[in-house]
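Colleague: So that you have it, the file is upload.txt, and it contains compact mmCIF, C-alpha atoms:
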```
# COMPACT_ATOMS: atom_id res chain seq x y z
CA MET A 17 28.88 -23.03 -5.06
CA SER A 18 27.98 -19.79 -6.90
CA HIS A 19 27.06 -16.64 -5.02
CA ARG A 20 23.44 -16.95 -6.16
CA ALA A 21 23.25 -20.62 -5.22
CA LEU A 22 24.70 -19.85 -1.78
CA ARG A 23 22.16 -17.11 -1.32
CA ILE A 24 19.32 -19.44 -2.21
CA ALA A 25 20.64 -22.15 0.07
CA LEU A 26 20.88 -19.74 2.99
CA ILE A 27 17.35 -18.51 2.41
CA ALA A 28 16.09 -22.09 2.18
CA CYS A 29 17.52 -22.79 5.62
CA LEU A 30 16.00 -19.71 7.25
CA ALA A 31 13.35 -20.07 9.87
CA VAL A 32 12.86 -16.39 10.48
CA THR A 33 9.81 -15.38 12.46
CA THR A 34 7.90 -13.45 9.86
CA THR A 35 4.33 -13.70 8.66
CA ALA A 36 1.66 -11.61 6.96
CA ALA A 37 -1.83 -11.24 8.38
CA CYS A 38 -4.91 -10.04 6.57
CA SER A 39 -8.45 -9.35 7.68
CA SER A 40 -11.39 -11.31 6.36
CA GLN A 41 -12.64 -8.30 4.44
CA GLY A 42 -10.40 -6.17 2.27
CA GLY A 43 -9.44 -4.87 -1.13
CA ALA A 44 -12.01 -2.06 -1.28
CA GLN A 45 -12.23 -0.69 -4.80
CA GLU A 46 -13.18 2.87 -3.98
CA GLU A 47 -10.62 5.55 -3.21
CA GLU A 48 -10.09 6.03 0.48
CA LYS A 49 -8.16 8.58 2.50
CA ASN A 50 -5.90 7.31 5.24
CA SER A 51 -4.10 9.33 7.88
CA GLY A 52 -2.89 6.32 9.82
CA GLY A 53 -5.40 6.49 12.63
CA GLY A 54 -2.79 7.67 15.10
CA GLY A 55 -3.31 11.42 15.01
CA THR A 56 -1.16 14.03 13.30
CA ASN A 57 2.54 14.06 14.06
CA THR A 58 3.39 17.62 13.09
CA ALA A 59 6.88 17.17 14.51
CA ALA A 60 7.64 15.00 11.48
CA GLY A 61 7.29 18.02 9.20
CA PRO A 62 4.57 19.70 7.10
CA LYS A 63 1.72 17.42 6.07
CA LEU A 64 2.39 15.45 2.90
CA LYS A 65 -0.25 14.05 0.58
CA MET A 66 0.39 10.79 -1.25
CA ALA A 67 -1.51 8.39 -3.47
CA MET A 68 -1.24 4.60 -3.24
CA VAL A 69 -2.56 2.55 -6.18
CA THR A 70 -2.37 -1.25 -6.12
CA HIS A 71 -3.38 -4.21 -8.25
CA ALA A 72 -5.41 -5.82 -5.45
CA PRO A 73 -8.67 -7.25 -6.80
CA ALA A 74 -11.86 -6.84 -4.81
CA GLY A 75 -11.77 -8.96 -1.68
CA ASP A 76 -8.01 -9.59 -1.75
CA THR A 77 -7.14 -9.51 1.93
CA PHE A 78 -3.36 -9.66 1.44
CA PHE A 79 -3.23 -5.94 0.84
CA ASP A 80 -4.94 -5.18 4.15
CA ILE A 81 -1.63 -5.79 5.91
CA ILE A 82 0.20 -3.57 3.42
CA ARG A 83 -2.29 -0.83 4.21
CA LYS A 84 -1.82 -1.32 7.95
CA GLY A 85 1.86 -0.70 7.49
CA ALA A 86 1.14 2.36 5.36
CA ASP A 87 -1.31 3.66 7.96
CA ALA A 88 1.28 3.33 10.72
CA ALA A 89 3.90 5.19 8.70
CA ALA A 90 1.38 7.87 7.73
CA ALA A 91 0.59 8.50 11.41
CA ASN A 92 4.27 8.73 12.28
CA ASP A 93 5.24 10.89 9.30
CA ASN A 94 2.32 13.34 9.14
CA VAL A 95 1.11 11.94 5.83
CA GLU A 96 -2.37 11.68 4.38
CA TYR A 97 -2.77 9.26 1.51
CA THR A 98 -5.51 8.11 -0.80
CA TYR A 99 -5.83 4.43 -1.63
CA SER A 100 -7.35 2.89 -4.75
CA ASN A 101 -7.03 -0.52 -6.35
CA ASP A 102 -8.08 -2.73 -9.22
CA GLY A 103 -6.84 -6.12 -10.37
CA ASP A 104 -7.39 -5.30 -14.04
CA PRO A 105 -4.29 -3.59 -15.52
CA THR A 106 -6.31 -1.27 -17.77
CA ARG A 107 -8.44 -0.08 -14.89
CA GLN A 108 -5.43 0.21 -12.61
CA ALA A 109 -3.80 2.43 -15.23
CA THR A 110 -6.85 4.71 -15.10
CA LEU A 111 -6.61 4.85 -11.30
CA ILE A 112 -2.96 5.84 -11.58
CA GLU A 113 -3.83 8.63 -14.03
CA ASN A 114 -6.56 9.86 -11.69
CA ALA A 115 -4.08 9.86 -8.82
CA VAL A 116 -1.52 11.81 -10.86
CA ASN A 117 -4.15 14.36 -11.86
CA ALA A 118 -4.76 15.05 -8.17
CA LYS A 119 -1.10 16.15 -7.92
CA PRO A 120 0.06 14.20 -4.86
CA ASP A 121 3.46 14.75 -3.33
CA ALA A 122 4.34 11.12 -4.12
CA LEU A 123 2.88 8.12 -5.94
CA LEU A 124 3.17 4.67 -4.34
CA VAL A 125 2.35 1.84 -6.73
CA SER A 126 2.48 -1.93 -7.24
CA VAL A 127 3.12 -2.91 -10.86
CA PRO A 128 2.33 -6.50 -11.89
CA ALA A 129 1.91 -5.54 -15.55
CA PRO A 130 4.63 -2.99 -16.45
CA ASP A 131 3.73 -2.77 -20.14
CA ALA A 132 0.14 -1.80 -19.32
CA LEU A 133 0.99 0.64 -16.52
CA LYS A 134 4.21 2.29 -17.62
CA ALA A 135 2.61 5.10 -19.64
CA SER A 136 0.40 6.14 -16.73
CA ILE A 137 3.29 6.07 -14.26
CA GLN A 138 5.45 8.09 -16.65
CA LYS A 139 2.89 10.90 -16.38
CA ALA A 140 3.77 11.14 -12.71
CA VAL A 141 7.47 11.19 -13.54
CA ALA A 142 6.93 13.90 -16.15
CA ALA A 143 5.01 15.96 -13.59
CA GLY A 144 7.89 15.74 -11.12
CA ILE A 145 6.03 13.42 -8.74
CA PRO A 146 8.40 10.89 -7.14
CA VAL A 147 7.32 7.27 -7.59
CA ILE A 148 7.91 4.51 -5.05
CA GLY A 149 7.32 0.90 -6.13
CA PHE A 150 6.42 -2.02 -3.91
CA ASN A 151 5.19 -5.63 -3.96
CA ALA A 152 5.17 -6.16 -7.74
CA GLY A 153 7.36 -4.86 -10.54
CA ARG A 154 10.77 -5.38 -8.96
CA GLU A 155 12.48 -6.48 -12.18
CA THR A 156 11.63 -3.27 -14.05
CA PHE A 157 11.06 -0.63 -11.37
CA GLN A 158 13.69 1.74 -12.72
CA ASP A 159 12.36 1.34 -16.26
CA TRP A 160 8.90 2.55 -15.30
CA GLY A 161 10.24 5.35 -13.17
CA ALA A 162 10.37 4.34 -9.51
CA ILE A 163 13.24 5.79 -7.49
CA MET A 164 12.96 3.06 -4.84
CA TYR A 165 11.35 -0.37 -4.56
CA PHE A 166 10.34 -2.49 -1.56
CA GLY A 167 9.51 -6.16 -2.01
CA GLN A 168 10.99 -9.59 -2.49
CA ASP A 169 12.84 -11.14 -5.39
CA GLU A 170 10.17 -13.61 -6.45
CA THR A 171 12.58 -15.78 -8.40
CA ILE A 172 14.86 -16.19 -5.39
CA ALA A 173 11.81 -16.80 -3.18
CA GLY A 174 10.56 -19.47 -5.56
CA GLU A 175 13.96 -21.11 -5.78
CA ALA A 176 14.21 -21.18 -1.98
CA ALA A 177 10.78 -22.81 -1.78
CA GLY A 178 11.74 -25.34 -4.44
CA ALA A 179 15.00 -26.15 -2.67
CA ARG A 180 13.08 -26.76 0.56
CA LEU A 181 10.61 -29.02 -1.23
CA LYS A 182 13.54 -30.97 -2.60
CA THR A 183 14.99 -31.53 0.86
CA GLU A 184 11.56 -32.70 2.00
CA GLY A 185 11.45 -35.35 -0.71
CA ALA A 186 8.80 -33.79 -2.93
CA GLY A 187 7.84 -35.75 -6.02
CA LYS A 188 5.43 -33.95 -8.33
CA VAL A 189 4.57 -30.40 -7.24
CA LEU A 190 1.46 -28.50 -8.30
CA CYS A 191 2.00 -24.71 -8.37
CA VAL A 192 -1.29 -22.79 -8.24
CA ILE A 193 -1.38 -19.42 -10.05
CA GLN A 194 -4.39 -17.33 -9.07
CA ALA A 195 -3.96 -14.56 -11.67
CA GLN A 196 -2.58 -15.71 -14.99
CA GLY A 197 -0.03 -13.38 -16.56
CA GLN A 198 1.09 -11.50 -13.45
CA SER A 199 4.87 -11.43 -13.67
CA GLN A 200 5.58 -11.88 -9.98
CA LEU A 201 3.39 -14.99 -9.74
CA GLU A 202 4.92 -16.58 -12.81
CA ALA A 203 8.38 -15.89 -11.35
CA ARG A 204 7.47 -17.74 -8.16
CA CYS A 205 6.43 -20.92 -9.95
CA ASN A 206 9.42 -20.74 -12.30
CA GLY A 207 11.65 -20.39 -9.26
CA VAL A 208 10.03 -23.38 -7.57
CA LYS A 209 10.78 -25.50 -10.63
CA SER A 210 14.38 -24.31 -10.73
CA GLY A 211 14.95 -24.87 -7.01
CA LEU A 212 13.31 -28.29 -6.99
CA GLY A 213 15.04 -29.54 -10.10
CA GLY A 214 12.10 -31.90 -10.58
CA GLN A 215 8.56 -32.02 -11.86
CA VAL A 216 6.44 -28.91 -11.32
CA GLU A 217 3.09 -28.42 -13.02
CA ASN A 218 1.51 -24.98 -13.07
CA ILE A 219 -2.25 -24.70 -12.85
CA ASN A 220 -4.11 -21.45 -13.50
CA VAL A 221 -7.21 -20.72 -11.44
CA THR A 222 -9.57 -17.78 -11.09
CA GLY A 223 -8.43 -16.30 -7.81
CA THR A 224 -11.47 -14.06 -7.43
CA ASP A 225 -13.75 -17.14 -7.29
CA LEU A 226 -12.65 -19.43 -4.46
CA THR A 227 -15.49 -21.86 -5.13
CA SER A 228 -14.10 -22.37 -8.62
CA VAL A 229 -10.56 -22.67 -7.23
CA ARG A 230 -11.71 -25.38 -4.83
CA SER A 231 -13.47 -27.44 -7.48
CA THR A 232 -10.57 -27.10 -9.93
CA LEU A 233 -8.02 -28.24 -7.37
CA GLU A 234 -10.24 -31.04 -6.08
CA SER A 235 -10.63 -32.36 -9.62
CA LYS A 236 -6.90 -32.10 -10.29
CA LEU A 237 -5.95 -33.91 -7.08
CA ARG A 238 -8.45 -36.70 -7.81
CA GLN A 239 -7.12 -37.13 -11.34
CA ASP A 240 -3.44 -37.09 -10.44
CA PRO A 241 -2.48 -39.02 -7.29
CA ALA A 242 1.19 -38.54 -8.22
CA ILE A 243 1.01 -35.00 -6.82
CA THR A 244 2.89 -35.07 -3.52
CA HIS A 245 2.92 -31.34 -2.79
CA VAL A 246 0.77 -28.33 -3.62
CA ILE A 247 2.24 -24.85 -3.37
CA THR A 248 -0.08 -21.87 -3.63
CA LEU A 249 0.86 -18.23 -4.08
CA GLY A 250 -1.41 -16.72 -1.43
CA ALA A 251 -2.96 -17.66 1.89
CA PRO A 252 -6.62 -17.82 0.76
CA PHE A 253 -5.64 -20.29 -1.96
CA ALA A 254 -3.70 -22.45 0.49
CA LEU A 255 -6.77 -22.66 2.71
CA THR A 256 -8.88 -23.52 -0.33
CA ALA A 257 -6.32 -26.13 -1.42
CA LEU A 258 -6.57 -27.67 2.05
CA GLN A 259 -10.33 -28.05 1.57
CA ALA A 260 -9.77 -29.56 -1.89
CA LYS A 261 -7.26 -31.99 -0.42
CA LYS A 262 -9.82 -33.21 2.11
CA ASP A 263 -12.58 -33.41 -0.50
CA SER A 264 -10.41 -35.48 -2.86
CA ASN A 265 -8.84 -37.66 -0.15
CA SER A 266 -5.44 -36.58 -1.43
CA LYS A 267 -2.33 -37.09 0.67
CA ALA A 268 -0.53 -34.08 -0.84
CA THR A 269 1.29 -31.70 1.49
CA ILE A 270 0.05 -28.09 1.29
CA THR A 271 2.58 -25.24 1.31
CA THR A 272 2.22 -21.61 0.31
CA PHE A 273 3.58 -18.15 -0.21
CA ASP A 274 2.16 -15.50 2.15
CA THR A 275 -0.06 -15.95 5.18
CA ASN A 276 -2.96 -14.58 7.15
CA ALA A 277 -4.19 -15.17 10.70
CA GLU A 278 -6.27 -18.21 9.73
CA LEU A 279 -3.38 -19.79 7.88
CA VAL A 280 -1.13 -19.27 10.90
CA GLY A 281 -3.51 -21.50 12.82
CA LYS A 282 -3.23 -24.16 10.13
CA ILE A 283 0.56 -24.10 10.40
CA GLU A 284 0.23 -24.42 14.17
CA SER A 285 -2.03 -27.45 13.75
CA GLY A 286 0.24 -28.97 11.10
CA GLU A 287 -2.44 -28.98 8.40
CA ILE A 288 -0.30 -26.66 6.27
CA ALA A 289 3.43 -27.35 6.36
CA TRP A 290 4.96 -23.92 5.89
CA ALA A 291 4.71 -20.53 4.23
CA VAL A 292 7.13 -18.19 2.50
CA ASP A 293 6.78 -14.67 3.89
CA GLN A 294 7.54 -11.37 2.14
CA GLN A 295 6.55 -9.12 5.08
CA PRO A 296 3.87 -6.96 3.42
CA TYR A 297 3.54 -4.76 6.51
CA LEU A 298 7.07 -3.53 5.82
CA GLN A 299 6.25 -2.96 2.16
CA GLY A 300 3.42 -0.61 3.07
CA TYR A 301 5.30 1.08 5.90
CA MET A 302 8.53 1.61 4.04
CA SER A 303 6.82 2.91 0.91
CA VAL A 304 5.22 5.78 2.85
CA ASP A 305 8.20 6.31 5.15
CA ALA A 306 10.80 6.34 2.38
CA ALA A 307 8.70 8.73 0.30
CA ALA A 308 8.47 11.08 3.28
CA PHE A 309 12.22 10.98 3.84
CA TYR A 310 12.83 11.60 0.16
CA LEU A 311 10.49 14.58 0.06
CA ARG A 312 11.78 16.12 3.29
CA ASN A 313 15.46 15.25 3.17
CA GLY A 314 16.34 13.86 -0.25
CA ASN A 315 17.11 10.38 1.11
CA VAL A 316 17.09 7.34 -1.19
CA LEU A 317 17.31 3.74 0.07
CA GLY A 318 18.77 0.80 -1.81
CA GLY A 319 21.59 2.45 -3.73
CA GLY A 320 19.76 1.94 -7.01
CA LYS A 321 18.76 -1.63 -6.07
CA GLU A 322 15.54 -2.99 -4.62
CA VAL A 323 15.18 -3.19 -0.84
CA LEU A 324 14.26 -6.81 -0.09
CA THR A 325 11.57 -7.54 2.49
CA GLY A 326 11.75 -11.33 2.05
CA PRO A 327 11.73 -14.21 1.72
CA ALA A 328 11.75 -16.14 4.98
CA PHE A 329 10.04 -19.36 6.06
CA ILE A 330 7.31 -19.72 8.67
CA ASP A 331 6.76 -23.23 10.00
CA LYS A 332 6.00 -25.09 13.21
CA ALA A 333 9.48 -24.36 14.51
CA ASN A 334 8.89 -20.60 14.74
CA ILE A 335 5.16 -20.07 14.40
CA ALA A 336 4.58 -19.57 18.14
CA ALA A 337 6.87 -16.56 18.16
CA VAL A 338 4.92 -14.73 15.46
CA SER A 339 1.34 -15.93 15.89
CA LYS A 340 0.43 -13.14 18.32
CA TYR A 341 1.49 -10.54 15.75
CA ALA A 342 -0.44 -12.31 13.02
CA LYS A 343 -3.57 -12.33 15.20
CA ALA A 344 -3.09 -8.61 15.83
CA GLY A 345 -2.95 -8.06 12.09
CA THR A 346 0.56 -6.61 11.93
CA ARG A 347 2.48 -9.63 10.60
```
Since I need it in another form, could you write the structure as structure tokens?
Modeller:
Amino acid sequence: MSHRALRIALIACLAVTTTAACSSQGGAQEEEKNSGGGGTNTAAGPKLKMAMVTHAPAGDTFFDIIRKGADAAAANDNVEYTYSNDGDPTRQATLIENAVNAKPDALLVSVPAPDALKASIQKAVAAGIPVIGFNAGRETFQDWGAIMYFGQDETIAGEAAGARLKTEGAGKVLCVIQAQGQSQLEARCNGVKSGLGGQVENINVTGTDLTSVRSTLESKLRQDPAITHVITLGAPFALTALQAKKDSNSKATITTFDTNAELVGKIESGEIAWAVDQQPYLQGYMSVDAAAFYLRNGNVLGGGKEVLTGPAFIDKANIAAVSKYAKAGTR
């Protein structure tokens, strides 16, 4: 067995107690300042000012948990940071330029569309502002100028999910992509196909319109009873797929990447089989924390490689151990 295949097989067997929780309201578009909510820890060193810019669309609750991690690190590290987000690459590029113009001590950024965002990020690099990448853009983080990156290898995560589906006897798998063209989402579905070694059909939906997602999936499940498993790429879409399954009287098993508190309950009840977790709390925390260490002590994590925060599986075997953290909004 090759090193990569062994790595995938080991990941596929993991039942590590990790999950990601998100609030029911999130993804605010306006710029916000965050100090972490825990007071000012002056012992950490002089106050640092950072800017975090993400690709979260309005209402995307996944990034709430990333921000909770960032808030906790900011409180511990005497950091104040601004947060802004937009799911459109052109508008995200503008937000990055605005952040750079404010001359932060560090720029923290998720990069789902490197070609569209690279020029804006390079302005930070040219200005001597260190860039930390997280969540999206792992494959090219050094190309667009990040000195460190925190996230998961989406191809490996997808392959691990596909390998697990294979062991569970999956037939035809429907992979639901909520934002067409985002590199990390495409990598997940491609990985699922590779790991399964069987039939995987990708379906693109409009992730910002869950009503549309539900009707699209309901129609697909009615039309194609050969679908044995549905895998979504985010917790809200798994919950929507569960509704579509019921509406269409499908017998397909629902699985997903990423979780939130409501989805944890569905794993506990057995309505959703399992989730792949990338630990977004760590992505937010480590982005702020690593930037602070770099600015204050010149430390760099990863040795030129990404620092992986996932994947791991959450299922009925380990859900009880992590549900309390999910409900608290920290997992």
Colleague: With a cut-off of 8 Å, could you pull out the residues of segment 164-252 of chain A touching segment 125-139 of chain A and give me the nearest pair of atoms for each, distance in Å to one decimal, using only C-alpha atoms, ordered by chain and ascending number, as a Markdown table?
Modeller:
```
| residue | atom | partner | partner_atom | distance |
| --- | --- | --- | --- | --- |
| A:Gln198 | CA | A:Pro128 | CA | 5.4 |
| A:Ser199 | CA | A:Pro128 | CA | 5.8 |
| A:Gln200 | CA | A:Pro128 | CA | 6.6 |
```
Colleague: From the list A:Val141, A:Ala308, A:Tyr301, A:Phe273, which residue is nearest Phe329 of chain A when using only C-alpha atoms?
Modeller: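 Among the listed residues, A:Phe273 lies closest to Phe329 of chain A.
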Colleague: Please indicate the distance in Å from atom CA of Phe79 of chain A to atom CA of Ala277 of chain A, rounded to one decimal place.
Modeller: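 So the answer is 13.5 Å.
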Colleague: Could you check which of A:Gln215, A:Thr271, A:Gln196, A:Thr325 is closest to Arg180 of chain A, using all atoms listed in the file?
Modeller: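 Checking each candidate against Arg180 of chain A, we get A:Thr271 as the closest.
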Colleague: Check the smallest atom-to-atom distance from each of A:Tyr297, A:Asn313, A:Ile243, A:Ile330 to Ile283 of chain A using only C-alpha atoms, then report the winner.
Modeller: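 Looking only at the distances to Ile283 of chain A, the closest residue turns out to be A:Ile330.
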Colleague: Rounded to one decimal place, report the atom CA of Gly153 of chain A-atom CA of Ile112 of chain A distance in Å.
Modeller: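 So the answer is 14.9 Å.
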Colleague: Taking only C-alpha atoms into account, name the residue in A:Gly211, A:Gly149, A:Gly75, A:Gly167 that is nearest to Ala179 of chain A.
Modeller: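 Using only C-alpha atoms, the shortest distance to Ala179 of chain A belongs to A:Gly211.
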Colleague: Considering all atoms listed in the file, return as a ChimeraX atom specification whatever protein or nucleic-acid residues lie within 7 Å of segment 64-74 of chain A, sequence-local ones (same chain, fewer than 5 positions apart) excluded.
Modeller: /A:43-45,79,94-103,108,111-112,115,120-126
Colleague: Can those selected residues be exported to a file as a PDB file, in the coordinates of the input so that it contains C-alpha atoms?
Modeller:
```pdb
ATOM      1  CA  GLY A  43      -9.440  -4.870  -1.130  1.00  0.00           C
ATOM      2  CA  ALA A  44     -12.010  -2.060  -1.280  1.00  0.00           C
ATOM      3  CA  GLN A  45     -12.230  -0.690  -4.800  1.00  0.00           C
ATOM      4  CA  PHE A  79      -3.230  -5.940   0.840  1.00  0.00           C
ATOM      5  CA  ASN A  94       2.320  13.340   9.140  1.00  0.00           C
ATOM      6  CA  VAL A  95       1.110  11.940   5.830  1.00  0.00           C
ATOM      7  CA  GLU A  96      -2.370  11.680   4.380  1.00  0.00           C
ATOM      8  CA  TYR A  97      -2.770   9.260   1.510  1.00  0.00           C
ATOM      9  CA  THR A  98      -5.510   8.110  -0.800  1.00  0.00           C
ATOM     10  CA  TYR A  99      -5.830   4.430  -1.630  1.00  0.00           C
ATOM     11  CA  SER A 100      -7.350   2.890  -4.750  1.00  0.00           C
ATOM     12  CA  ASN A 101      -7.030  -0.520  -6.350  1.00  0.00           C
ATOM     13  CA  ASP A 102      -8.080  -2.730  -9.220  1.00  0.00           C
ATOM     14  CA  GLY A 103      -6.840  -6.120 -10.370  1.00  0.00           C
ATOM     15  CA  GLN A 108      -5.430   0.210 -12.610  1.00  0.00           C
ATOM     16  CA  LEU A 111      -6.610   4.850 -11.300  1.00  0.00           C
ATOM     17  CA  ILE A 112      -2.960   5.840 -11.580  1.00  0.00           C
ATOM     18  CA  ALA A 115      -4.080   9.860  -8.820  1.00  0.00           C
ATOM     19  CA  PRO A 120       0.060  14.200  -4.860  1.00  0.00           C
ATOM     20  CA  ASP A 121       3.460  14.750  -3.330  1.00  0.00           C
ATOM     21  CA  ALA A 122       4.340  11.120  -4.120  1.00  0.00           C
ATOM     22  CA  LEU A 123       2.880   8.120  -5.940  1.00  0.00           C
ATOM     23  CA  LEU A 124       3.170   4.670  -4.340  1.00  0.00           C
ATOM     24  CA  VAL A 125       2.350   1.840  -6.730  1.00  0.00           C
ATOM     25  CA  SER A 126       2.480  -1.930  -7.240  1.00  0.00           C
TER      26      SER A 126
END
```
Colleague: Nearest to Ser285 of chain A among A:Ala257, A:Arg312, A:Ala336, A:Thr77, with distances taken over all atoms listed in the file: which residue is it?
Modeller: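 Among the listed residues, the smallest separation from Ser285 of chain A belongs to A:Ala336.
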Colleague: Take atom CA of Ile145 of chain A and atom CA of Gly197 of chain A and report the distance between them in Å, one decimal.
Modeller: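 These two atoms are separated by 28.6 Å.
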Colleague: Any chance you could tabulate, as a tab-separated table, the residues of segment 173-194 of chain A at most 12 Å from segment 258-269 of chain A with each one's nearest atom pair and distance in Å to one decimal, using only C-alpha atoms, in chain and rising number order?
Modeller:
```
residue	atom	partner	partner_atom	distance
A:Leu181	CA	A:Thr269	CA	10.1
A:Glu184	CA	A:Thr269	CA	10.3
A:Gly185	CA	A:Thr269	CA	11.0
A:Ala186	CA	A:Thr269	CA	9.0
A:Gly187	CA	A:Ala268	CA	10.0
A:Lys188	CA	A:Ala268	CA	9.6
A:Val189	CA	A:Ala268	CA	9.0
A:Leu190	CA	A:Ala268	CA	9.5
```
